[in-house]
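This is entry_0.tsv (TSV, C-alpha atoms).
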```tsv
chain	number	residue	atom	x	y	z
A	1	MET	CA	-48.21	100.91	93.76
A	2	LYS	CA	-48.57	104.42	95.15
A	3	LEU	CA	-46.08	105.87	97.58
A	4	GLN	CA	-47.29	105.05	101.07
A	5	ARG	CA	-46.08	108.36	102.35
A	6	LYS	CA	-45.52	111.48	100.29
A	7	ASN	CA	-43.11	113.81	101.98
A	8	ARG	CA	-42.55	116.70	99.62
A	9	ALA	CA	-39.32	118.26	100.77
A	10	ARG	CA	-37.16	120.94	99.28
A	11	ALA	CA	-33.61	119.59	99.05
A	12	LEU	CA	-30.86	121.76	100.39
A	13	THR	CA	-28.67	123.48	97.86
A	14	LEU	CA	-25.49	121.54	98.41
A	15	GLY	CA	-21.95	121.80	97.24
A	16	ALA	CA	-22.03	118.85	94.85
A	17	LEU	CA	-19.05	116.72	94.09
A	18	ALA	CA	-17.08	117.78	91.06
A	19	LEU	CA	-17.68	115.26	88.31
A	20	SER	CA	-14.34	115.85	86.67
A	21	GLY	CA	-10.70	114.92	86.81
A	22	ALA	CA	-9.25	111.69	87.98
A	23	LEU	CA	-11.97	111.13	90.56
A	24	ALA	CA	-14.70	111.56	87.98
A	25	LEU	CA	-16.60	108.79	86.33
A	26	THR	CA	-14.66	105.55	86.47
A	27	ALA	CA	-15.17	103.22	83.55
A	28	CYS	CA	-17.60	100.38	83.82
A	29	GLY	CA	-16.14	97.11	84.97
A	30	SER	CA	-13.44	98.67	87.11
A	31	ASP	CA	-12.98	97.60	90.69
A	32	GLU	CA	-12.23	101.17	91.71
A	33	THR	CA	-14.72	102.45	94.23
A	34	GLY	CA	-13.42	105.95	94.89
A	35	ASP	CA	-14.94	107.93	97.75
A	36	THR	CA	-17.59	110.53	98.35
A	37	THR	CA	-15.33	113.46	98.99
A	38	GLY	CA	-14.93	116.26	96.50
A	39	SER	CA	-11.89	116.70	94.32
A	40	GLY	CA	-11.44	120.38	95.15
A	41	ASN	CA	-13.81	121.84	92.60
A	42	GLU	CA	-17.46	122.17	93.49
A	43	ALA	CA	-20.61	122.49	91.41
A	44	SER	CA	-23.72	123.82	93.08
A	45	ALA	CA	-26.64	121.40	92.87
A	46	SER	CA	-29.98	122.95	92.10
A	47	ALA	CA	-32.75	122.57	94.63
A	48	ALA	CA	-34.90	119.52	93.98
A	49	ASP	CA	-38.53	118.87	94.84
A	50	VAL	CA	-38.48	115.26	95.99
A	51	GLU	CA	-41.29	112.87	96.84
A	52	CYS	CA	-39.70	110.73	99.52
A	53	GLY	CA	-40.59	107.09	99.94
A	54	LYS	CA	-41.38	105.51	103.26
A	55	GLY	CA	-37.70	105.27	104.09
A	56	GLY	CA	-35.47	102.30	104.65
A	57	GLN	CA	-32.29	101.07	103.03
A	58	LEU	CA	-31.60	100.79	99.29
A	59	LEU	CA	-28.79	98.54	98.12
A	60	ALA	CA	-27.64	98.88	94.52
A	61	SER	CA	-24.52	98.18	92.51
A	62	GLY	CA	-23.10	98.14	89.01
A	63	SER	CA	-21.68	100.64	86.55
A	64	SER	CA	-18.78	102.59	87.92
A	65	ALA	CA	-19.14	104.97	84.97
A	66	GLN	CA	-21.88	106.66	87.00
A	67	LYS	CA	-20.13	106.39	90.36
A	68	ASN	CA	-19.53	110.08	91.01
A	69	ALA	CA	-22.89	111.04	89.54
A	70	MET	CA	-24.42	108.65	92.08
A	71	ASP	CA	-22.40	110.30	94.85
A	72	VAL	CA	-23.91	113.68	93.99
A	73	TRP	CA	-27.43	112.36	93.54
A	74	ILE	CA	-27.33	110.45	96.82
A	75	LYS	CA	-25.98	113.43	98.75
A	76	ASN	CA	-28.72	115.73	97.48
A	77	TYR	CA	-31.47	113.14	97.81
A	78	ARG	CA	-30.49	112.35	101.39
A	79	ALA	CA	-30.81	116.05	102.28
A	80	ALA	CA	-34.47	115.84	101.30
A	81	CYS	CA	-35.12	112.27	102.44
A	82	PRO	CA	-32.92	111.52	105.47
A	83	ASP	CA	-34.98	108.45	106.37
A	84	THR	CA	-33.66	106.61	103.30
A	85	GLN	CA	-30.17	105.12	103.32
A	86	ILE	CA	-28.68	104.43	99.87
A	87	ASN	CA	-25.62	102.26	99.32
A	88	TYR	CA	-24.40	102.12	95.71
A	89	LYS	CA	-21.40	99.86	95.05
A	90	PRO	CA	-19.65	100.72	91.75
A	91	ASP	CA	-18.27	97.26	91.07
A	92	GLY	CA	-18.95	97.16	87.32
A	93	SER	CA	-21.90	96.50	85.04
A	94	GLY	CA	-21.46	92.72	84.95
A	95	ALA	CA	-21.26	92.41	88.72
A	96	GLY	CA	-24.22	94.75	89.18
A	97	VAL	CA	-26.48	92.82	86.81
A	98	THR	CA	-25.48	89.53	88.44
A	99	ALA	CA	-26.24	90.83	91.93
A	100	PHE	CA	-29.62	92.16	90.81
A	101	LEU	CA	-30.59	88.90	89.09
A	102	GLN	CA	-29.69	87.08	92.29
A	103	GLY	CA	-32.08	89.29	94.25
A	104	GLN	CA	-29.33	90.99	96.26
A	105	THR	CA	-30.08	94.61	95.24
A	106	ALA	CA	-33.02	96.90	94.59
A	107	PHE	CA	-31.64	98.05	91.24
A	108	ALA	CA	-28.49	97.77	89.14
A	109	GLY	CA	-26.50	100.16	86.96
A	110	SER	CA	-25.17	98.96	83.59
A	111	ASP	CA	-23.49	100.62	80.62
A	112	SER	CA	-25.12	98.02	78.37
A	113	ALA	CA	-28.76	97.03	78.11
A	114	LEU	CA	-29.80	93.62	79.37
A	115	LYS	CA	-29.29	90.68	77.05
A	116	PRO	CA	-32.38	88.63	76.09
A	117	GLU	CA	-31.25	85.76	78.29
A	118	GLU	CA	-30.82	88.15	81.24
A	119	ILE	CA	-34.33	89.51	80.74
A	120	GLU	CA	-35.63	85.93	80.70
A	121	GLN	CA	-33.67	85.11	83.87
A	122	SER	CA	-35.03	88.22	85.60
A	123	ALA	CA	-38.48	86.62	85.88
A	124	GLU	CA	-37.11	84.68	88.83
A	125	VAL	CA	-36.45	87.83	90.86
A	126	CYS	CA	-39.22	90.01	89.40
A	127	LYS	CA	-42.02	87.60	90.33
A	128	ASP	CA	-44.05	86.97	87.16
A	129	SER	CA	-42.68	90.08	85.48
A	130	GLN	CA	-39.28	91.07	84.09
A	131	ALA	CA	-36.44	93.54	84.52
A	132	ILE	CA	-36.41	96.66	82.36
A	133	ASP	CA	-33.68	99.07	81.23
A	134	LEU	CA	-34.07	102.73	82.24
A	135	PRO	CA	-31.60	105.05	80.44
A	136	MET	CA	-30.15	107.56	82.91
A	137	VAL	CA	-26.61	108.82	82.18
A	138	GLY	CA	-25.12	109.62	78.77
A	139	GLY	CA	-21.70	110.79	77.74
A	140	PRO	CA	-18.78	110.62	75.32
A	141	ILE	CA	-16.03	108.02	75.27
A	142	ALA	CA	-12.87	109.92	74.37
A	143	ILE	CA	-9.88	108.54	72.48
A	144	GLY	CA	-6.85	109.80	74.36
A	145	TYR	CA	-3.38	109.82	72.84
A	146	ASN	CA	0.21	110.72	73.69
A	147	VAL	CA	2.21	111.60	70.59
A	148	PRO	CA	4.98	114.11	71.40
A	149	GLY	CA	4.77	117.15	69.15
A	150	VAL	CA	1.23	116.41	67.93
A	151	ASP	CA	-1.33	118.66	69.60
A	152	LYS	CA	-4.21	117.94	67.24
A	153	LEU	CA	-5.07	114.57	65.75
A	154	ASN	CA	-7.89	113.46	63.45
A	155	LEU	CA	-8.76	109.77	63.03
A	156	ASP	CA	-11.65	107.90	61.46
A	157	ALA	CA	-13.28	104.62	62.44
A	158	ALA	CA	-11.37	102.45	59.95
A	159	THR	CA	-8.00	103.85	61.06
A	160	LEU	CA	-8.89	103.40	64.73
A	161	ALA	CA	-9.95	99.83	64.02
A	162	ASP	CA	-6.62	99.09	62.33
A	163	ILE	CA	-4.72	100.72	65.20
A	164	PHE	CA	-6.49	98.67	67.86
A	165	ASN	CA	-6.30	95.54	65.71
A	166	ASP	CA	-2.51	95.91	65.48
A	167	LYS	CA	-2.48	96.56	61.73
A	168	ILE	CA	-1.25	100.16	61.96
A	169	THR	CA	1.81	100.12	64.19
A	170	THR	CA	3.58	103.51	63.87
A	171	TRP	CA	2.31	107.06	64.09
A	172	ASP	CA	3.71	108.03	60.69
A	173	ASP	CA	1.59	105.44	58.89
A	174	GLU	CA	0.20	106.66	55.56
A	175	ALA	CA	-3.41	106.25	56.73
A	176	ILE	CA	-2.79	108.61	59.67
A	177	LYS	CA	-0.83	111.04	57.48
A	178	LYS	CA	-3.73	111.25	55.04
A	179	LEU	CA	-6.06	112.36	57.82
A	180	ASN	CA	-3.49	114.79	59.28
A	181	PRO	CA	-1.62	116.38	56.34
A	182	ASP	CA	-0.35	119.32	58.40
A	183	ALA	CA	0.89	117.31	61.40
A	184	GLU	CA	4.54	116.38	62.03
A	185	LEU	CA	3.94	112.71	62.75
A	186	PRO	CA	6.89	110.81	64.27
A	187	ASP	CA	7.83	107.21	63.52
A	188	THR	CA	7.09	106.38	67.16
A	189	LYS	CA	5.63	102.91	67.75
A	190	ILE	CA	1.93	102.94	68.60
A	191	GLN	CA	1.12	101.59	72.06
A	192	ALA	CA	-2.59	100.72	72.00
A	193	PHE	CA	-4.11	100.06	75.42
A	194	HIS	CA	-7.44	98.38	76.08
A	195	ARG	CA	-9.31	97.41	79.25
A	196	SER	CA	-8.24	94.20	80.97
A	197	ASP	CA	-11.55	93.93	82.84
A	198	GLU	CA	-15.00	93.39	81.34
A	199	SER	CA	-16.37	96.84	80.69
A	200	GLY	CA	-19.40	98.58	79.26
A	201	THR	CA	-16.97	101.17	77.94
A	202	THR	CA	-15.28	98.47	75.87
A	203	ASP	CA	-18.70	97.24	74.75
A	204	ASN	CA	-19.70	100.68	73.46
A	205	PHE	CA	-16.31	101.40	71.87
A	206	THR	CA	-16.35	98.10	69.96
A	207	LYS	CA	-19.97	98.69	68.92
A	208	TYR	CA	-18.78	101.95	67.37
A	209	LEU	CA	-15.93	100.20	65.53
A	210	LYS	CA	-18.27	97.47	64.27
A	211	ALA	CA	-20.96	99.91	63.13
A	212	ALA	CA	-18.72	102.57	61.59
A	213	ALA	CA	-15.94	100.34	60.18
A	214	PRO	CA	-17.38	96.82	59.74
A	215	LYS	CA	-14.79	95.81	57.11
A	216	SER	CA	-11.91	96.80	59.39
A	217	TRP	CA	-13.22	95.41	62.69
A	218	PRO	CA	-13.86	91.65	62.42
A	219	TYR	CA	-14.83	91.09	66.05
A	220	GLU	CA	-18.23	91.08	67.66
A	221	PRO	CA	-18.80	93.88	70.18
A	222	GLY	CA	-18.70	92.94	73.82
A	223	LYS	CA	-17.60	93.86	77.31
A	224	ALA	CA	-14.50	91.67	77.03
A	225	TRP	CA	-11.73	92.75	74.63
A	226	GLU	CA	-11.35	90.23	71.77
A	227	ALA	CA	-8.78	91.76	69.41
A	228	LYS	CA	-5.25	90.38	69.47
A	229	GLY	CA	-2.21	92.46	70.30
A	230	GLY	CA	-2.08	95.69	72.20
A	231	GLN	CA	-1.63	96.06	75.94
A	232	SER	CA	-4.16	96.09	78.77
A	233	ALA	CA	-4.77	97.94	82.01
A	234	GLN	CA	-7.42	97.83	84.71
A	235	GLY	CA	-10.23	100.37	84.59
A	236	SER	CA	-10.43	103.72	82.86
A	237	SER	CA	-8.01	105.19	85.36
A	238	GLY	CA	-5.54	102.47	84.43
A	239	VAL	CA	-5.64	102.98	80.67
A	240	ALA	CA	-5.68	106.78	81.08
A	241	GLN	CA	-2.58	106.59	83.26
A	242	GLN	CA	-0.83	104.50	80.63
A	243	VAL	CA	-1.65	107.10	77.97
A	244	LYS	CA	-0.34	109.86	80.20
A	245	GLN	CA	2.99	108.19	80.92
A	246	THR	CA	3.70	106.29	77.68
A	247	ALA	CA	4.97	108.00	74.54
A	248	GLY	CA	3.05	106.69	71.53
A	249	ALA	CA	0.08	105.50	73.61
A	250	ILE	CA	-3.59	105.59	72.65
A	251	SER	CA	-6.68	104.30	74.47
A	252	TYR	CA	-10.39	104.89	75.12
A	253	PHE	CA	-12.04	106.14	78.32
A	254	GLU	CA	-14.73	108.50	79.56
A	255	LEU	CA	-14.12	112.14	78.70
A	256	SER	CA	-13.67	112.97	82.38
A	257	TYR	CA	-10.35	111.09	82.32
A	258	ALA	CA	-8.87	113.34	79.64
A	259	THR	CA	-7.10	115.39	82.31
A	260	ASP	CA	-3.57	116.46	83.18
A	261	GLY	CA	-2.65	117.21	79.59
A	262	ILE	CA	-4.11	114.12	77.92
A	263	LYS	CA	-5.15	115.10	74.41
A	264	THR	CA	-8.16	113.61	72.64
A	265	VAL	CA	-8.78	112.60	69.03
A	266	ASP	CA	-11.25	114.46	66.81
A	267	LEU	CA	-13.31	111.95	64.82
A	268	ASP	CA	-13.66	112.13	61.06
A	269	THR	CA	-17.20	110.76	60.77
A	270	GLY	CA	-17.82	111.81	57.19
A	271	ALA	CA	-19.40	115.07	58.30
A	272	GLY	CA	-18.07	118.40	57.03
A	273	THR	CA	-15.47	118.72	59.79
A	274	PRO	CA	-13.97	116.31	62.34
A	275	VAL	CA	-15.94	116.16	65.59
A	276	GLU	CA	-14.46	116.87	69.02
A	277	ALA	CA	-15.31	114.75	72.05
A	278	THR	CA	-17.57	117.09	74.06
A	279	VAL	CA	-20.75	116.70	76.07
A	280	ASP	CA	-22.78	118.76	73.61
A	281	ASN	CA	-21.49	116.78	70.63
A	282	ALA	CA	-22.26	113.50	72.39
A	283	SER	CA	-25.77	114.78	73.14
A	284	LYS	CA	-26.32	115.35	69.43
A	285	ALA	CA	-25.50	111.72	68.73
A	286	ILE	CA	-27.55	110.37	71.65
A	287	SER	CA	-30.57	112.38	70.50
A	288	GLU	CA	-30.61	110.13	67.42
A	289	ALA	CA	-30.96	106.99	69.55
A	290	LYS	CA	-34.01	104.80	69.07
A	291	VAL	CA	-35.88	102.90	71.78
A	292	VAL	CA	-35.67	99.22	70.81
A	293	GLY	CA	-36.79	97.59	74.05
A	294	GLN	CA	-40.11	95.76	74.18
A	295	GLY	CA	-43.01	97.02	76.27
A	296	LYS	CA	-41.79	99.17	79.16
A	297	ASP	CA	-38.15	98.31	78.48
A	298	LEU	CA	-36.35	101.44	77.23
A	299	ALA	CA	-33.15	99.92	75.85
A	300	LEU	CA	-31.65	102.24	73.23
A	301	GLU	CA	-29.99	101.69	69.89
A	302	LEU	CA	-27.31	104.36	69.68
A	303	ALA	CA	-26.29	106.01	66.41
A	304	TYR	CA	-22.66	104.86	66.37
A	305	ASP	CA	-22.38	105.45	62.63
A	306	THR	CA	-23.94	108.91	62.53
A	307	LYS	CA	-22.58	111.43	60.05
A	308	ALA	CA	-24.61	114.33	61.40
A	309	GLU	CA	-22.72	117.60	61.70
A	310	GLY	CA	-21.26	118.02	65.18
A	311	ALA	CA	-22.44	114.61	66.44
A	312	TYR	CA	-19.77	112.67	68.36
A	313	PRO	CA	-20.65	108.99	67.88
A	314	ILE	CA	-18.58	107.13	70.50
A	315	THR	CA	-21.02	107.41	73.38
A	316	LEU	CA	-22.35	105.31	76.18
A	317	VAL	CA	-25.65	105.36	78.05
A	318	THR	CA	-25.82	103.93	81.55
A	319	TYR	CA	-29.08	102.23	82.49
A	320	GLU	CA	-30.68	101.68	85.86
A	321	ILE	CA	-32.22	98.22	85.90
A	322	ALA	CA	-35.27	97.43	87.99
A	323	CYS	CA	-38.28	95.11	87.85
A	324	GLU	CA	-41.25	96.39	85.88
A	325	LYS	CA	-43.42	94.66	88.49
A	326	GLY	CA	-42.52	92.46	91.41
A	327	ASN	CA	-39.97	94.75	93.06
A	328	LYS	CA	-39.37	94.06	96.73
A	329	ALA	CA	-42.22	95.60	98.71
A	330	GLU	CA	-39.91	96.89	101.43
A	331	THR	CA	-37.84	98.95	98.98
A	332	LEU	CA	-40.35	99.82	96.24
A	333	ASP	CA	-41.25	103.27	97.59
A	334	ALA	CA	-37.64	104.30	98.02
A	335	THR	CA	-36.64	102.86	94.65
A	336	LYS	CA	-39.34	104.81	92.81
A	337	SER	CA	-38.57	107.94	94.78
A	338	PHE	CA	-34.81	107.87	94.20
A	339	LEU	CA	-34.95	106.83	90.54
A	340	GLY	CA	-37.65	109.44	89.98
A	341	TYR	CA	-35.35	112.11	91.40
A	342	ILE	CA	-32.30	111.23	89.33
A	343	ALA	CA	-34.44	111.12	86.16
A	344	SER	CA	-36.01	114.49	86.99
A	345	GLU	CA	-34.96	117.77	85.42
A	346	ASP	CA	-33.12	118.65	88.65
A	347	GLY	CA	-31.22	115.36	88.71
A	348	GLN	CA	-30.35	115.47	85.02
A	349	GLU	CA	-29.13	119.07	85.20
A	350	LEU	CA	-26.26	117.94	87.43
A	351	LEU	CA	-24.80	115.68	84.74
A	352	LYS	CA	-23.55	118.24	82.26
A	353	ASP	CA	-21.19	119.82	84.77
A	354	GLY	CA	-19.42	116.49	85.07
A	355	GLY	CA	-18.75	115.76	81.42
A	356	HIS	CA	-21.97	113.84	80.82
A	357	ALA	CA	-24.95	114.24	78.57
A	358	PRO	CA	-28.40	114.61	80.12
A	359	LEU	CA	-31.08	112.45	78.53
A	360	PRO	CA	-32.86	113.91	75.49
A	361	THR	CA	-36.22	115.32	76.59
A	362	GLU	CA	-38.35	112.74	74.78
A	363	ILE	CA	-36.45	109.82	76.30
A	364	ALA	CA	-36.34	111.41	79.77
A	365	GLU	CA	-40.12	111.80	79.78
A	366	LYS	CA	-40.58	108.12	78.95
A	367	VAL	CA	-38.18	107.16	81.74
A	368	ARG	CA	-40.08	109.27	84.30
A	369	THR	CA	-43.43	107.79	83.29
A	370	THR	CA	-42.05	104.25	83.46
A	371	ILE	CA	-40.52	104.80	86.91
A	372	ALA	CA	-43.82	106.14	88.23
A	373	ASP	CA	-45.51	102.89	87.11
A	374	LEU	CA	-43.04	100.50	88.72
A	375	GLY	CA	-44.76	97.99	90.95
```

What do you get writing this file as structure tokens?
Amino acid sequence: MKLQRKNRARALTLGALALSGALALTACGSDETGDTTGSGNEASASAADVECGKGGQLLASGSSAQKNAMDVWIKNYRAACPDTQINYKPDGSGAGVTAFLQGQTAFAGSDSALKPEEIEQSAEVCKDSQAIDLPMVGGPIAIGYNVPGVDKLNLDAATLADIFNDKITTWDDEAIKKLNPDAELPDTKIQAFHRSDESGTTDNFTKYLKAAAPKSWPYEPGKAWEAKGGQSAQGSSGVAQQVKQTAGAISYFELSYATDGIKTVDLDTGAGTPVEATVDNASKAISEAKVVGQGKDLALELAYDTKAEGAYPITLVTYEIACEKGNKAETLDATKSFLGYIASEDGQELLKDGGHAPLPTEIAEKVRTTIADLG
């Protein structure tokens, strides 16, 4: 379906929200909603050439890992298309998918691709079609730690699996010493924190452990934490706060939460040197992803076990989920317009400033083509 009204408007160059620090991307599954005010630092958004829809109101919800990215996108889009109101509720991937499948929203955000049963269920809301996954936001999941006196720490997948499975319990364990021969490791007890809420971040972290250390991680990946032992906290802000205030702590969260002195682990992936958690290094890993969705579905298989030089393998990709066909007629124009903007070069350029990885060019082009064909 073509846009009923094409209003090509040059978006104002706005002071975009900073996508960093404690207000930056909240982990998927959290109930933290944040706000749309800046955190003090500002990144200038590039001007965007937007094809506005016919206007109206877009309701969407889901991944809170893209919450602040959504804030920036919405602010810039609204400058070009003031007739469209967009309300994105960052209530977690699971809640977002559920709301979409119940017909409550125009699209959903999720840090995990739809399950086969969810795709099957989507035929009820997509009217003789199905929902599809549209990759949109990439980025690294950092492993933050608090070990007094240790400013640099290397770990591999098997050691991480044993730490989070409560098999390695002190920081001076021989397995950790072997990876860090020059470090003064204390006998401090390890305090491993995981998410208490269902989270796409947990899903991607456990997929990494399962792919890169299958003999050490006996659990199936998933949004809910299955391993025994350890301690839990709500949301990425919760586990990051525990790392910050607890000697001996370790946890996983989006790179943007590695603030206020929280140090991050370099991963020994089998490459020549351990790999730091950075946007560029995550991009190298995401560029190895393969599209495994059927038809127009663009679900990705990430390279969690990559050994490529400089590729940081613990990554997540947030998807926007919409109907391939059968979207609500009253919101179709606005949905295609907004999703087309955030997938555009202008929209993707904003991500890197906030600790996120823009989509690889080949994947981004497929996403743009698919969005244009939504019906």

So that I can check the surroundings of range 186-198 of chain A, please list as a PyMOL selection string every protein, DNA and RNA residue that reaches within 9 Å of it, counting all atoms listed in the file and ignoring chain neighbours fewer than 5 positions away. chain A and resi 28-31+92-94+147-150+163-166+168-173+203+222-225+229-236+238-240+242-243+246-252

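The space between CA of Ser122 in chain A and CA of Val292 in chain A spans 18.4 Å.
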
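Here CA of Asn281 in chain A and CA of Val137 in chain A stand 14.9 Å from one another.
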
Non-local contacts of Tyr88 in chain A (9 Å; all atoms listed in the file; under 2 positions in same chain excluded) as a PyMOL selection string: chain A and resi 58-62+67+70-71+74+86+90+108

Can you spit out the residues from that selection as a short mmCIF file (atom, residue, chain, number, x, y, z; two decimals), in the coordinates of the input, using C-alpha atoms?
```cif
data_model
loop_
_atom_site.label_atom_id
_atom_site.label_comp_id
_atom_site.auth_asym_id
_atom_site.auth_seq_id
_atom_site.Cartn_x
_atom_site.Cartn_y
_atom_site.Cartn_z
CA LEU A 58 -31.60 100.79 99.29
CA LEU A 59 -28.79 98.54 98.12
CA ALA A 60 -27.64 98.88 94.52
CA SER A 61 -24.52 98.18 92.51
CA GLY A 62 -23.10 98.14 89.01
CA LYS A 67 -20.13 106.39 90.36
CA MET A 70 -24.42 108.65 92.08
CA ASP A 71 -22.40 110.30 94.85
CA ILE A 74 -27.33 110.45 96.82
CA ILE A 86 -28.68 104.43 99.87
CA PRO A 90 -19.65 100.72 91.75
CA ALA A 108 -28.49 97.77 89.14
#
```

For Lys307 in chain A, the closest of A:Ala157, A:Ala343, A:Ala322, A:Pro218 counting only C-alpha atoms is A:Ala157

One decimal, Å: what's the distance from CA of Asp156 in chain A over to CA of Gly355 in chain A, could you say? 22.6 Å

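In this comparison, which uses only C-alpha atoms, the residue of A:Gln294, A:Gln241, A:Thr202, A:Gln104 approaching Lys328 in chain A most closely is A:Gln104.
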
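Using all atoms listed in the file, the protein and nucleic acid residues lying no more than 10 Å from Lys263 in chain A, apart from those fewer than 3 places from it along its own chain, are Ala142, Ile143, Gly144, Tyr145, Asn146, Val147, Val150, Asp151, Lys152, Leu153, Val243, Lys244, Ile250, Ala258, Thr259, Asp260 and Asp266 of chain A.
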
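Minimum atom-to-atom distances from A:Thr369, A:Asn327, A:Ser287, A:Thr98 to Glu301 in chain A were compared using all atoms listed in the file, and the lowest value belongs to A:Ser287.
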
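Protein and nucleic acid residues near (-17.5, 118.1, 54.8) are Asp268, Thr269, Gly270, Ala271, Gly272, Thr273, Pro274, Val275, Lys307, Ala308, Glu309 and Gly310 of chain A, the criterion being any atom at most 12 Å away using all atoms listed in the file.
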
Restricting to all atoms listed in the file, whichever of A:Ser129, A:Thr264, A:Thr361, A:Asn68 is closest to Gly375 in chain A is A:Ser129

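Between Ser344 in chain A and the candidates A:Ala95, A:Met136, A:Leu300, A:Leu179, the tightest atom-to-atom separation, counting only C-alpha atoms, involves A:Met136.
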
Name the residues in contact with range 210-215 of chain A at a cut-off of 7 Å, using all atoms listed in the file, excluding same-chain residues fewer than 3 positions from it; report them as number ranges by chain. A: 157-158, 206-207, 218, 221, 304-305

Check the smallest atom-to-atom distance from each of A:Val367, A:Ala80, A:Ile314, A:Ala299 to Leu114 in chain A using only C-alpha atoms, then report the winner. A:Ala299

First collect every listed atom of range 289-301 of chain A; then fit an axis-aligned box around them, widen it by 8 Å on each side, and give centre and edge lengths in Å to one decimal, as JSON.
```
{"center_x": -36.5, "center_y": 101.4, "center_z": 74.1, "size_x": 29.0, "size_y": 27.2, "size_z": 26.1}
```

Counting all atoms listed in the file, what is within 8 Å of Asp83 in chain A, bar same-chain residues fewer than 2 positions away, as a ChimeraX atom specification? /A:54-56,78,81,85
